[in-house]
Amino acid sequence: MLELQNISFHADDKDILKNINLKIDDKFVAITGPNGSGKSTLLKVIMGIIKPTEGRVLFDGQDITDLEVYERANLGISFAFQQPVRFKGLKVKDLLSIAAGEGVDVSKDCKYLSAVGLCAKDYLNREINDTLSGGEMKRIEIAMAAARGGKLSLFDEPEAGIDLWSFQSLIKVFENLRRVTNGNIMIISHQERILEIADKIIYLKDGVVDRFDESAKIMSELNMGRYGCGCAYSQKEGACNG
Amino acid sequence: MDELEKRMLKEVAELDSLPVGAFNIRSNGESAGRCSTANIQIESRESGDGINVYFKDGTKNESCHIPVIISKSGHKECVYNDFFVGSDCDVVIVAGCGISNCGGHDSQHDGIHTFHIGKNSKVKYVEKHYGEGNGTGKRFMNPTTVVNLDEGATMEMDTSQIAGINDTYRITKAVLGPGATLIMHDKILTNFDQTAKAEITVELNGDDSVCDIVSRGVAKGESEQDVIIDIAGNAKCKGHAECDSIIMDKGVIVATPKLKATCVDASLIHEAAIGKIAGEQIIKLMTLGLNEQEAEQKIIEGFLR
């Protein structure tokens, strides 16, 4: 359903992405790799937030390379930011209702929020401003992606900046999302438990797809130290074993 | 009341029909309806240029609507409304003015509202100003709000100018006694070549008095806004002012904070920020399916809520 053809992206005299070719039709795909390998850029190219310098993006057979972000959103692609955006004045219920593309439906909003461990009663009328913690923002961001319920949900490192307690429940959220969603999920993650529940893993290195294979295969190679250390992706929830 | 006037009433006071409780509706300088209740008495001023509204001690859970509509091009008026709220009250007062000017003459409403709020009373005050019409005549609105808060009294003000006023000069003056609280949310949207000036002055004269003033402005087109928030702490008090603005197109906003403390136990804070809509906010809403214009509209709508 998603095809990336010869995608390259140059910025500041650097090749961030180099001739990426991928065909993805799997339900749950994790993207991992060292910092600076181009993971976030790749996800933003799919959403249209970044225009590739070269190459085409195809979604369900349609060339979407020149489509705007909102046009891609309306085709069923959603995006959860690594650092969720805050808004003065807009409330959680406002964004959930935009995300769901319908008016406020408290029972549905309640479902989306409770799935990420938040009580609708406490959060629907909260402004999405500085009074929400980083962890709360992350959960709301994921709830919005769930509310959109698109064909392809993109998550940019949802575990980043989350404390360990919250992280445990976030894993459950993704396990649940994987089970119930009708669409496909692509998620940037360094966490073994997220990588384990993926069908396939894309391992990016220096802007190139180093590996794209079934999760079990890549995980066994990771555990054997095939990719060395130097980054957090091969460790269990942040503990570096060198 | 004709359809236009009914629509204006809906815009400024969110009324589809006559309100429950006390009300006074002023249309083109004349009374279009008045109702007093057992606890809220509305009387014309002897000078004929406004009303006095009296709230009996202990009046609770009652409201008073006093909307003003101007639909005759060229109508200009200066109205004085005084509110005398007794002690231990808990009431809502909804004001607001709408000017529809489809003619060639300038229309103007200057409303001077003075509140005397008694001990331990709580007043929620909502005031919305709105203009429309495609005539060459301009629409001017100059509200002055004077608030005197007695010991332990609380005033929560929600004031806004949402659209269509060519020029406005908005003055708010509040004096707080011991333990009194003033919470004010003021919102202004200007566009085209409109201008708006707002001066908010608060004197915290009583121990344990508190004020929280939030002013939000959006200047589009070539419009200009000038906002001054001036807080004086003359006792053991807390004052906070936040002046947040978004500029678009060629809009101009001047935000001037002024804090003065004459008591060592006064704690005063002012925050001010002016900037365009953050690009990441627009992108976020675009990922939810809104186009750029819809995203901007939604952000402003929330900002000025």
# chains A, B, ... in the order shown; residues from 1 in each chain; ligands from 1

$ residues_around --residues "A:Asp26" --least-positions-apart "2" --cutoff "8 Å" --atoms "only C-alpha atoms" --output "list of chain:residue names"
A:Ile24, A:Phe28, A:Val29, A:Asn184, A:Asp199, A:Lys200

$ closest_atom_pairs --of "chain B" --to "chain A" --cutoff "7 Å" --atoms "only C-alpha atoms" --output "CSV"
residue,atom,partner,partner_atom,distance
B:Glu280,CA,A:Val85,CA,6.8
B:Gln281,CA,A:Val85,CA,6.2
B:Lys284,CA,A:Val85,CA,7.0
B:Met286,CA,A:Tyr70,CA,4.5
B:Thr287,CA,A:Ala73,CA,5.4
B:Leu288,CA,A:Ala99,CA,5.1
B:Gly289,CA,A:Tyr70,CA,4.5
B:Leu290,CA,A:Tyr70,CA,5.7
B:Asn291,CA,A:Tyr70,CA,5.6
B:Gly302,CA,A:Gly89,CA,4.3
B:Phe303,CA,A:Gly89,CA,4.6
B:Arg305,CA,A:Gly89,CA,6.2

$ residues_around --residues "B:Asn24" --least-positions-apart "5" --cutoff "7 Å" --atoms "only C-alpha atoms" --output "ChimeraX atom specification"
/B:33-35,65-67

$ residues_around --residues "A:Val106" --least-positions-apart "3" --cutoff "10 Å" --atoms "only C-alpha atoms" --output "tab-separated table (two decimals) with N, CA and C atoms, in the first residue's frame"
chain	number	residue	atom	x	y	z
A	93	LYS	N	-10.72	18.14	23.69
A	93	LYS	CA	-11.92	17.71	22.95
A	93	LYS	C	-11.97	18.35	21.56
A	96	LEU	N	-9.59	16.30	19.41
A	96	LEU	CA	-10.14	14.96	19.17
A	96	LEU	C	-11.28	15.01	18.16
A	97	SER	N	-12.08	16.08	18.24
A	97	SER	CA	-13.21	16.16	17.31
A	97	SER	C	-12.72	16.49	15.90
A	103	GLY	N	-18.35	15.95	15.10
A	103	GLY	CA	-18.56	16.77	16.29
A	103	GLY	C	-18.09	16.04	17.54
A	109	ASP	N	-14.75	9.90	22.56
A	109	ASP	CA	-13.57	10.56	23.11
A	109	ASP	C	-13.08	9.83	24.35
A	110	CYS	N	-14.05	9.38	25.15
A	110	CYS	CA	-13.73	8.65	26.37
A	110	CYS	C	-12.97	7.37	26.01
A	111	LYS	N	-13.42	6.72	24.93
A	111	LYS	CA	-12.78	5.48	24.51
A	111	LYS	C	-11.33	5.74	24.09
A	112	TYR	N	-11.14	6.81	23.29
A	112	TYR	CA	-9.78	7.12	22.80
A	112	TYR	C	-8.85	7.47	23.97
A	120	ALA	N	-11.40	10.75	30.53
A	120	ALA	CA	-12.01	11.82	29.72
A	120	ALA	C	-12.53	12.95	30.59
A	121	LYS	N	-13.07	12.59	31.73
A	121	LYS	CA	-13.65	13.60	32.63
A	121	LYS	C	-12.60	14.63	33.03
A	124	LEU	N	-10.90	16.13	28.83
A	124	LEU	CA	-11.56	16.67	27.63
A	124	LEU	C	-11.57	18.18	27.59

$ closest_residue --among "A:Ile20, A:Ile185, A:Ala216, A:Ile64" --to "A:Ile142" --atoms "only C-alpha atoms"
A:Ile185

$ atom_distance --atom1 "atom CA of A:Glu3" --atom2 "atom CA of A:Ile202"
13.6 Å

$ residues_around --residues "B:His109" --least-positions-apart "6" --cutoff "9 Å" --atoms "only C-alpha atoms" --output "ChimeraX atom specification"
/B:68,70,75-79,97,99,139-143

$ residues_around --residues "B:Ala95" --least-positions-apart "4" --cutoff "10 Å" --atoms "only C-alpha atoms" --output "count of residues only"
17

$ select_by_dssp --residues "stretch 145-270 of chain B" --states "strand (DSSP E)" --output "PyMOL selection string"
chain B and resi 145-149+154-163+167-176+181-190+195-204+209-219+224-233+237-247+252-261+267-270
